[in-house]
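This is final_39.pdb (PDB, C-alpha atoms and all ligand atoms).
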```pdb
ATOM      1  CA  MET A 173    -125.805  43.607-182.889  1.00  0.00           C
ATOM      2  CA  ALA A 174    -128.689  42.328-180.742  1.00  0.00           C
ATOM      3  CA  LEU A 175    -131.118  44.642-178.946  1.00  0.00           C
ATOM      4  CA  LEU A 176    -129.795  43.950-175.410  1.00  0.00           C
ATOM      5  CA  ASP A 177    -126.098  43.249-176.015  1.00  0.00           C
ATOM      6  CA  GLY A 178    -124.107  43.807-172.807  1.00  0.00           C
ATOM      7  CA  LYS A 179    -127.174  44.497-170.665  1.00  0.00           C
ATOM      8  CA  VAL A 180    -127.529  42.844-167.261  1.00  0.00           C
ATOM      9  CA  ALA A 181    -131.173  42.174-166.428  1.00  0.00           C
ATOM     10  CA  ILE A 182    -132.573  41.044-163.084  1.00  0.00           C
ATOM     11  CA  ILE A 183    -135.845  39.142-163.401  1.00  0.00           C
ATOM     12  CA  THR A 184    -137.621  38.424-160.127  1.00  0.00           C
ATOM     13  CA  GLY A 185    -139.858  35.374-160.174  1.00  0.00           C
ATOM     14  CA  GLY A 186    -137.841  34.198-163.173  1.00  0.00           C
ATOM     15  CA  ALA A 187    -137.514  30.562-162.131  1.00  0.00           C
ATOM     16  CA  ASN A 188    -140.437  29.547-164.324  1.00  0.00           C
ATOM     17  CA  GLY A 189    -143.545  30.830-166.116  1.00  0.00           C
ATOM     18  CA  ILE A 190    -143.600  34.337-167.588  1.00  0.00           C
ATOM     19  CA  GLY A 191    -140.363  35.365-165.828  1.00  0.00           C
ATOM     20  CA  LEU A 192    -138.411  32.474-167.316  1.00  0.00           C
ATOM     21  CA  ALA A 193    -139.819  33.258-170.780  1.00  0.00           C
ATOM     22  CA  ILE A 194    -138.633  36.869-170.332  1.00  0.00           C
ATOM     23  CA  ALA A 195    -135.165  35.623-169.319  1.00  0.00           C
ATOM     24  CA  GLN A 196    -134.990  33.368-172.389  1.00  0.00           C
ATOM     25  CA  LYS A 197    -136.047  36.183-174.714  1.00  0.00           C
ATOM     26  CA  PHE A 198    -133.610  38.635-173.104  1.00  0.00           C
ATOM     27  CA  ALA A 199    -130.784  36.094-173.497  1.00  0.00           C
ATOM     28  CA  ALA A 200    -131.694  35.625-177.164  1.00  0.00           C
ATOM     29  CA  GLU A 201    -131.308  39.410-177.542  1.00  0.00           C
ATOM     30  CA  GLY A 202    -127.829  39.378-175.988  1.00  0.00           C
ATOM     31  CA  ALA A 203    -128.589  40.220-172.339  1.00  0.00           C
ATOM     32  CA  ALA A 204    -127.203  38.447-169.271  1.00  0.00           C
ATOM     33  CA  PRO A 205    -130.343  37.491-167.328  1.00  0.00           C
ATOM     34  CA  VAL A 206    -130.174  37.110-163.559  1.00  0.00           C
ATOM     35  CA  ILE A 207    -132.914  34.983-162.037  1.00  0.00           C
ATOM     36  CA  ALA A 208    -133.973  36.201-158.575  1.00  0.00           C
ATOM     37  CA  ASP A 209    -136.457  33.757-157.105  1.00  0.00           C
ATOM     38  CA  LEU A 210    -137.279  31.720-154.022  1.00  0.00           C
ATOM     39  CA  LYS A 211    -137.017  28.610-156.182  1.00  0.00           C
ATOM     40  CA  THR A 212    -134.172  27.232-158.270  1.00  0.00           C
ATOM     41  CA  PRO A 213    -134.869  27.948-161.970  1.00  0.00           C
ATOM     42  CA  ALA A 214    -136.230  25.276-164.281  1.00  0.00           C
ATOM     43  CA  GLU A 215    -133.317  26.156-166.597  1.00  0.00           C
ATOM     44  CA  GLU A 216    -129.738  26.099-165.278  1.00  0.00           C
ATOM     45  CA  ASN A 217    -127.906  28.280-167.781  1.00  0.00           C
ATOM     46  CA  PHE A 218    -128.744  31.631-166.140  1.00  0.00           C
ATOM     47  CA  PHE A 219    -127.064  33.226-163.129  1.00  0.00           C
ATOM     48  CA  PHE A 220    -129.359  32.527-160.164  1.00  0.00           C
ATOM     49  CA  VAL A 221    -129.508  34.373-156.852  1.00  0.00           C
ATOM     50  CA  GLU A 222    -131.914  32.897-154.325  1.00  0.00           C
ATOM     51  CA  THR A 223    -134.055  35.893-153.379  1.00  0.00           C
ATOM     52  CA  ASN A 224    -137.137  36.708-151.350  1.00  0.00           C
ATOM     53  CA  VAL A 225    -138.551  39.989-152.679  1.00  0.00           C
ATOM     54  CA  THR A 226    -140.275  40.726-149.367  1.00  0.00           C
ATOM     55  CA  GLN A 227    -136.961  40.798-147.446  1.00  0.00           C
ATOM     56  CA  PRO A 228    -134.689  43.875-147.673  1.00  0.00           C
ATOM     57  CA  ALA A 229    -131.611  41.853-146.650  1.00  0.00           C
ATOM     58  CA  SER A 230    -132.293  39.384-149.449  1.00  0.00           C
ATOM     59  CA  LEU A 231    -132.595  42.224-151.991  1.00  0.00           C
ATOM     60  CA  THR A 232    -129.366  43.812-150.761  1.00  0.00           C
ATOM     61  CA  ASN A 233    -127.665  40.444-151.218  1.00  0.00           C
ATOM     62  CA  LEU A 234    -129.113  40.216-154.748  1.00  0.00           C
ATOM     63  CA  VAL A 235    -127.744  43.624-155.728  1.00  0.00           C
ATOM     64  CA  ASP A 236    -124.345  42.869-154.143  1.00  0.00           C
ATOM     65  CA  GLN A 237    -124.050  39.536-155.940  1.00  0.00           C
ATOM     66  CA  VAL A 238    -125.001  40.945-159.337  1.00  0.00           C
ATOM     67  CA  VAL A 239    -122.635  43.902-158.987  1.00  0.00           C
ATOM     68  CA  ALA A 240    -119.818  41.574-157.855  1.00  0.00           C
ATOM     69  CA  LYS A 241    -120.335  39.381-160.923  1.00  0.00           C
ATOM     70  CA  TYR A 242    -121.151  41.939-163.637  1.00  0.00           C
ATOM     71  CA  GLY A 243    -120.354  45.372-162.186  1.00  0.00           C
ATOM     72  CA  HIS A 244    -123.696  46.889-163.190  1.00  0.00           C
ATOM     73  CA  ILE A 245    -127.470  46.374-163.468  1.00  0.00           C
ATOM     74  CA  ASP A 246    -129.221  47.746-166.555  1.00  0.00           C
ATOM     75  CA  VAL A 247    -132.734  46.280-166.421  1.00  0.00           C
ATOM     76  CA  LEU A 248    -135.080  45.219-163.644  1.00  0.00           C
ATOM     77  CA  VAL A 249    -138.174  43.131-164.318  1.00  0.00           C
ATOM     78  CA  ALA A 250    -140.095  43.010-161.016  1.00  0.00           C
ATOM     79  CA  ASN A 251    -142.248  40.040-161.928  1.00  0.00           C
ATOM     80  CA  ALA A 252    -142.449  37.827-158.809  1.00  0.00           C
ATOM     81  CA  GLY A 253    -146.029  37.262-157.744  1.00  0.00           C
ATOM     82  CA  ILE A 254    -148.417  34.884-156.057  1.00  0.00           C
ATOM     83  CA  THR A 255    -152.126  34.190-156.521  1.00  0.00           C
ATOM     84  CA  GLU A 256    -154.902  34.617-153.986  1.00  0.00           C
ATOM     85  CA  HIS A 257    -157.797  32.807-152.326  1.00  0.00           C
ATOM     86  CA  LYS A 258    -160.806  34.367-154.074  1.00  0.00           C
ATOM     87  CA  GLY A 259    -164.102  35.000-152.301  1.00  0.00           C
ATOM     88  CA  PRO A 260    -166.590  37.634-151.189  1.00  0.00           C
ATOM     89  CA  VAL A 261    -165.111  40.418-149.083  1.00  0.00           C
ATOM     90  CA  SER A 262    -167.244  39.359-146.097  1.00  0.00           C
ATOM     91  CA  GLN A 263    -165.300  36.077-146.128  1.00  0.00           C
ATOM     92  CA  LEU A 264    -161.894  37.698-146.678  1.00  0.00           C
ATOM     93  CA  ASP A 265    -158.988  35.453-145.684  1.00  0.00           C
ATOM     94  CA  GLU A 266    -156.928  38.116-143.904  1.00  0.00           C
ATOM     95  CA  GLU A 267    -153.766  36.040-143.783  1.00  0.00           C
ATOM     96  CA  ASN A 268    -153.950  35.491-147.538  1.00  0.00           C
ATOM     97  CA  TRP A 269    -154.700  39.215-148.101  1.00  0.00           C
ATOM     98  CA  ASN A 270    -151.532  40.129-146.205  1.00  0.00           C
ATOM     99  CA  ALA A 271    -149.437  37.528-148.030  1.00  0.00           C
ATOM    100  CA  VAL A 272    -150.582  38.658-151.494  1.00  0.00           C
ATOM    101  CA  ILE A 273    -150.121  42.373-150.734  1.00  0.00           C
ATOM    102  CA  ASN A 274    -146.724  41.603-149.242  1.00  0.00           C
ATOM    103  CA  VAL A 275    -145.382  39.782-152.300  1.00  0.00           C
ATOM    104  CA  ASP A 276    -147.328  41.353-155.182  1.00  0.00           C
ATOM    105  CA  LEU A 277    -147.198  44.996-154.061  1.00  0.00           C
ATOM    106  CA  ASN A 278    -144.669  45.436-151.252  1.00  0.00           C
ATOM    107  CA  GLY A 279    -142.229  43.049-152.967  1.00  0.00           C
ATOM    108  CA  VAL A 280    -142.293  45.097-156.170  1.00  0.00           C
ATOM    109  CA  VAL A 281    -141.787  48.352-154.265  1.00  0.00           C
ATOM    110  CA  LEU A 282    -138.873  46.980-152.205  1.00  0.00           C
ATOM    111  CA  THR A 283    -137.224  45.452-155.271  1.00  0.00           C
ATOM    112  CA  ASN A 284    -137.472  48.821-157.031  1.00  0.00           C
ATOM    113  CA  LYS A 285    -135.993  50.572-153.995  1.00  0.00           C
ATOM    114  CA  TYR A 286    -132.852  48.472-153.737  1.00  0.00           C
ATOM    115  CA  VAL A 287    -132.195  47.921-157.453  1.00  0.00           C
ATOM    116  CA  VAL A 288    -132.939  51.507-158.516  1.00  0.00           C
ATOM    117  CA  ALA A 289    -130.554  52.771-155.792  1.00  0.00           C
ATOM    118  CA  GLN A 290    -127.794  50.807-157.550  1.00  0.00           C
ATOM    119  CA  MET A 291    -128.907  52.077-160.988  1.00  0.00           C
ATOM    120  CA  GLU A 292    -128.772  55.679-159.721  1.00  0.00           C
ATOM    121  CA  LYS A 293    -125.249  55.086-158.398  1.00  0.00           C
ATOM    122  CA  GLN A 294    -124.158  53.909-161.846  1.00  0.00           C
ATOM    123  CA  GLY A 295    -125.565  57.046-163.486  1.00  0.00           C
ATOM    124  CA  THR A 296    -126.150  55.289-166.816  1.00  0.00           C
ATOM    125  CA  PRO A 297    -129.494  54.725-168.587  1.00  0.00           C
ATOM    126  CA  ALA A 298    -131.468  51.858-167.067  1.00  0.00           C
ATOM    127  CA  SER A 299    -134.979  50.413-167.329  1.00  0.00           C
ATOM    128  CA  VAL A 300    -137.545  49.103-164.856  1.00  0.00           C
ATOM    129  CA  ILE A 301    -140.509  46.932-165.833  1.00  0.00           C
ATOM    130  CA  ASN A 302    -143.032  46.093-163.118  1.00  0.00           C
ATOM    131  CA  THR A 303    -145.511  43.289-163.829  1.00  0.00           C
ATOM    132  CA  SER A 304    -149.106  44.319-163.151  1.00  0.00           C
ATOM    133  CA  SER A 305    -152.182  42.585-164.597  1.00  0.00           C
ATOM    134  CA  ILE A 306    -155.385  43.373-166.454  1.00  0.00           C
ATOM    135  CA  LEU A 307    -157.024  42.783-163.055  1.00  0.00           C
ATOM    136  CA  GLY A 308    -155.114  45.820-161.805  1.00  0.00           C
ATOM    137  CA  VAL A 309    -157.044  47.888-164.345  1.00  0.00           C
ATOM    138  CA  VAL A 310    -160.531  46.394-164.387  1.00  0.00           C
ATOM    139  CA  GLY A 311    -160.610  44.236-161.225  1.00  0.00           C
ATOM    140  CA  ALA A 312    -162.493  40.933-161.139  1.00  0.00           C
ATOM    141  CA  ALA A 313    -165.358  39.550-159.112  1.00  0.00           C
ATOM    142  CA  ASN A 314    -164.161  38.190-155.751  1.00  0.00           C
ATOM    143  CA  SER A 315    -160.543  39.092-156.459  1.00  0.00           C
ATOM    144  CA  GLN A 316    -159.700  41.225-153.447  1.00  0.00           C
ATOM    145  CA  ALA A 317    -155.963  41.204-152.780  1.00  0.00           C
ATOM    146  CA  TYR A 318    -154.608  40.418-156.238  1.00  0.00           C
ATOM    147  CA  SER A 319    -156.624  43.136-158.017  1.00  0.00           C
ATOM    148  CA  ALA A 320    -155.732  45.674-155.328  1.00  0.00           C
ATOM    149  CA  ALA A 321    -152.041  44.746-155.388  1.00  0.00           C
ATOM    150  CA  LYS A 322    -151.788  44.886-159.175  1.00  0.00           C
ATOM    151  CA  ALA A 323    -153.612  48.252-159.303  1.00  0.00           C
ATOM    152  CA  GLY A 324    -151.076  49.427-156.719  1.00  0.00           C
ATOM    153  CA  VAL A 325    -148.175  48.219-158.868  1.00  0.00           C
ATOM    154  CA  ALA A 326    -149.515  50.092-161.901  1.00  0.00           C
ATOM    155  CA  ASN A 327    -149.977  53.391-160.067  1.00  0.00           C
ATOM    156  CA  PHE A 328    -146.709  53.014-158.146  1.00  0.00           C
ATOM    157  CA  THR A 329    -144.990  52.617-161.517  1.00  0.00           C
ATOM    158  CA  ARG A 330    -146.739  55.686-162.958  1.00  0.00           C
ATOM    159  CA  SER A 331    -145.679  57.719-159.931  1.00  0.00           C
ATOM    160  CA  GLN A 332    -141.881  57.499-160.202  1.00  0.00           C
ATOM    161  CA  GLY A 333    -139.847  60.682-160.586  1.00  0.00           C
TER     162      GLY A 333
HETATM  163  N1  LIG A 401    -150.114  33.928-165.614  1.00  0.00           N
HETATM  164  C1  LIG A 401    -150.957  34.901-165.930  1.00  0.00           C
HETATM  165  O1  LIG A 401    -151.981  34.701-166.624  1.00  0.00           O
HETATM  166  C2  LIG A 401    -150.677  36.313-165.489  1.00  0.00           C
HETATM  167  C3  LIG A 401    -151.494  37.354-165.944  1.00  0.00           C
HETATM  168  C4  LIG A 401    -151.209  38.663-165.554  1.00  0.00           C
HETATM  169  C5  LIG A 401    -150.145  38.923-164.719  1.00  0.00           C
HETATM  170  N2  LIG A 401    -149.392  37.887-164.260  1.00  0.00           N
HETATM  171  C6  LIG A 401    -148.292  38.205-163.367  1.00  0.00           C
HETATM  172  O2  LIG A 401    -147.085  37.825-164.017  1.00  0.00           O
HETATM  173  C7  LIG A 401    -146.124  37.435-163.040  1.00  0.00           C
HETATM  174  C8  LIG A 401    -145.613  36.046-163.328  1.00  0.00           C
HETATM  175  O3  LIG A 401    -146.720  35.160-163.383  1.00  0.00           O
HETATM  176  P1  LIG A 401    -146.550  33.598-163.701  1.00  0.00           P
HETATM  177  O4  LIG A 401    -147.866  33.128-164.198  1.00  0.00           O
HETATM  178  O5  LIG A 401    -145.331  33.369-164.528  1.00  0.00           O
HETATM  179  O6  LIG A 401    -146.379  33.024-162.225  1.00  0.00           O
HETATM  180  P2  LIG A 401    -145.540  31.764-161.683  1.00  0.00           P
HETATM  181  O7  LIG A 401    -146.224  31.319-160.440  1.00  0.00           O
HETATM  182  O8  LIG A 401    -145.294  30.773-162.774  1.00  0.00           O
HETATM  183  O9  LIG A 401    -144.144  32.441-161.316  1.00  0.00           O
HETATM  184  C9  LIG A 401    -144.027  33.330-160.250  1.00  0.00           C
HETATM  185  C10 LIG A 401    -142.638  33.168-159.667  1.00  0.00           C
HETATM  186  O10 LIG A 401    -142.520  34.077-158.575  1.00  0.00           O
HETATM  187  C11 LIG A 401    -141.759  33.428-157.563  1.00  0.00           C
HETATM  188  N3  LIG A 401    -142.006  34.049-156.261  1.00  0.00           N
HETATM  189  C12 LIG A 401    -143.140  34.004-155.512  1.00  0.00           C
HETATM  190  N4  LIG A 401    -142.956  34.658-154.366  1.00  0.00           N
HETATM  191  C13 LIG A 401    -141.674  35.137-154.374  1.00  0.00           C
HETATM  192  C14 LIG A 401    -140.897  35.882-153.453  1.00  0.00           C
HETATM  193  N5  LIG A 401    -141.386  36.275-152.266  1.00  0.00           N
HETATM  194  N6  LIG A 401    -139.633  36.203-153.797  1.00  0.00           N
HETATM  195  C15 LIG A 401    -139.122  35.804-154.988  1.00  0.00           C
HETATM  196  N7  LIG A 401    -139.802  35.078-155.895  1.00  0.00           N
HETATM  197  C16 LIG A 401    -141.074  34.749-155.580  1.00  0.00           C
HETATM  198  C17 LIG A 401    -142.221  31.977-157.603  1.00  0.00           C
HETATM  199  O11 LIG A 401    -141.283  31.110-156.980  1.00  0.00           O
HETATM  200  C18 LIG A 401    -142.365  31.753-159.109  1.00  0.00           C
HETATM  201  O12 LIG A 401    -141.183  31.226-159.686  1.00  0.00           O
HETATM  202  C19 LIG A 401    -146.829  37.557-161.671  1.00  0.00           C
HETATM  203  O13 LIG A 401    -146.546  38.822-161.106  1.00  0.00           O
HETATM  204  C20 LIG A 401    -148.294  37.459-162.052  1.00  0.00           C
HETATM  205  O14 LIG A 401    -149.134  38.057-161.095  1.00  0.00           O
HETATM  206  C21 LIG A 401    -149.628  36.604-164.632  1.00  0.00           C
END
```
Mind turning this structure into structure tokens?
Ligand SMILES: NC(=O)c1ccc[n+]([C@@H]2O[C@H](COP(=O)([O-])OP(=O)(O)OC[C@H]3O[C@@H](n4cnc5c(N)ncnc54)[C@H](O)[C@@H]3O)[C@@H](O)[C@H]2O)c1
Amino acid sequence: MALLDGKVAIITGGANGIGLAIAQKFAAEGAAPVIADLKTPAEENFFFVETNVTQPASLTNLVDQVVAKYGHIDVLVANAGITEHKGPVSQLDEENWNAVINVDLNGVVLTNKYVVAQMEKQGTPASVINTSSILGVVGAANSQAYSAAKAGVANFTRSQG
């Protein structure tokens, strides 16, 4: 028996990079990965739901589609993220600040809200993994939005009931 046999796992930002590697590893352990991303995945053998993690209606659609197909959600990996325009705070690109906070922090929080509501309804054990970064712990020179967002993700995750 594999570690994740029968588990349904949503991976946001799973179309490529770290998220896709997580999906591949989960599948190797018996899980059914669901890729939730703005972009079509680089690999076609996983169930894909086009999703924007900053949009509640898109997250509701994600949950509805996964429940319609599998009946339950056991794991969430809130991994979708974008990078930032780095620079001194006096030169802060406010539009980029808002975009990074919106995807990297607000997107994680909203994804948790809608997916965890479904997990609570099921009443069975479930897991949530939110992707932060070492920059969320130590920061980095001229990294304003990304370091702040990732620190927010870490403390948001620590603060669940
Ligand atoms: N690559 C690194 O060195 C590193 C280090 C620490 C943490 N991280 C974090 O790991 C995660 C994945 O990083 P990666 O390097 O694989 O990045 P990546 O750019 O390869 O993948 C990110 C994915 O997120 C998707 N995405 C972006 N905005 C979205 C939105 N609004 N809704 C849905 N999907 C959206 C993109 O389409 C993309 O497929 C990110 O949260 C990143 O901040 C990465």
Residues at most 8 Å from Lys179 of chain A, counting all atoms listed in the file, excluding those fewer than 2 positions away in the same chain, as a PyMOL selection string?
chain A and resi 176-177+181+202-204+245-247
Return as a ChimeraX atom specification the set of residues that the PyMOL selection byres (((chain A and resi 258) around 9) and not hetatm) yields on the displayed structure.
/A:256-257,259-261,264-265,313-318
Hey, which residues come within 8 Å of ligand LIG 401 (chain A) if we count all atoms listed in the file? Could you give them as number ranges by chain?
A: 184-192, 208-211, 213, 222-227, 250-255, 275-276, 279, 303-307, 318, 322
Output C-alpha atoms for every residue in the selection just made, as an mmCIF file, keeping the file's coordinate frame.
```cif
data_model
loop_
_atom_site.group_PDB
_atom_site.id
_atom_site.type_symbol
_atom_site.label_atom_id
_atom_site.label_comp_id
_atom_site.auth_asym_id
_atom_site.auth_seq_id
_atom_site.Cartn_x
_atom_site.Cartn_y
_atom_site.Cartn_z
ATOM 1 C CA THR A 184 -137.621 38.424 -160.127
ATOM 2 C CA GLY A 185 -139.858 35.374 -160.174
ATOM 3 C CA GLY A 186 -137.841 34.198 -163.173
ATOM 4 C CA ALA A 187 -137.514 30.562 -162.131
ATOM 5 C CA ASN A 188 -140.437 29.547 -164.324
ATOM 6 C CA GLY A 189 -143.545 30.830 -166.116
ATOM 7 C CA ILE A 190 -143.600 34.337 -167.588
ATOM 8 C CA GLY A 191 -140.363 35.365 -165.828
ATOM 9 C CA LEU A 192 -138.411 32.474 -167.316
ATOM 10 C CA ALA A 208 -133.973 36.201 -158.575
ATOM 11 C CA ASP A 209 -136.457 33.757 -157.105
ATOM 12 C CA LEU A 210 -137.279 31.720 -154.022
ATOM 13 C CA LYS A 211 -137.017 28.610 -156.182
ATOM 14 C CA PRO A 213 -134.869 27.948 -161.970
ATOM 15 C CA GLU A 222 -131.914 32.897 -154.325
ATOM 16 C CA THR A 223 -134.055 35.893 -153.379
ATOM 17 C CA ASN A 224 -137.137 36.708 -151.350
ATOM 18 C CA VAL A 225 -138.551 39.989 -152.679
ATOM 19 C CA THR A 226 -140.275 40.726 -149.367
ATOM 20 C CA GLN A 227 -136.961 40.798 -147.446
ATOM 21 C CA ALA A 250 -140.095 43.010 -161.016
ATOM 22 C CA ASN A 251 -142.248 40.040 -161.928
ATOM 23 C CA ALA A 252 -142.449 37.827 -158.809
ATOM 24 C CA GLY A 253 -146.029 37.262 -157.744
ATOM 25 C CA ILE A 254 -148.417 34.884 -156.057
ATOM 26 C CA THR A 255 -152.126 34.190 -156.521
ATOM 27 C CA VAL A 275 -145.382 39.782 -152.300
ATOM 28 C CA ASP A 276 -147.328 41.353 -155.182
ATOM 29 C CA GLY A 279 -142.229 43.049 -152.967
ATOM 30 C CA THR A 303 -145.511 43.289 -163.829
ATOM 31 C CA SER A 304 -149.106 44.319 -163.151
ATOM 32 C CA SER A 305 -152.182 42.585 -164.597
ATOM 33 C CA ILE A 306 -155.385 43.373 -166.454
ATOM 34 C CA LEU A 307 -157.024 42.783 -163.055
ATOM 35 C CA TYR A 318 -154.608 40.418 -156.238
ATOM 36 C CA LYS A 322 -151.788 44.886 -159.175
#
```
Pick from A:Val287, A:Ala199, A:Ala193, A:Val280: nearest to Asn233 of chain A, with all atoms listed in the file counted?
A:Val287
Taking all listed atoms of segment 243-254 of chain A, build the axis-aligned box, pad each of the six sides by 8 Å, then write its centre and edge lengths in Å to one decimal as JSON.
```
{"center_x": -134.4, "center_y": 41.3, "center_z": -161.3, "size_x": 44.1, "size_y": 28.9, "size_z": 26.5}
```
d(atom CA of Val180 of chain A, atom CA of Val206 of chain A) in Å
7.3 Å
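Put simply, atom CA of Ile207 of chain A is 4.7 Å away from atom CA of Phe220 of chain A.
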Expand the PyMOL selection byres (((chain A and resi 295-301) around 6) and not hetatm) into the explicit residue set it covers here, and present it as a VMD selection string.
chain A and resid 246 to 249 292 to 294 302
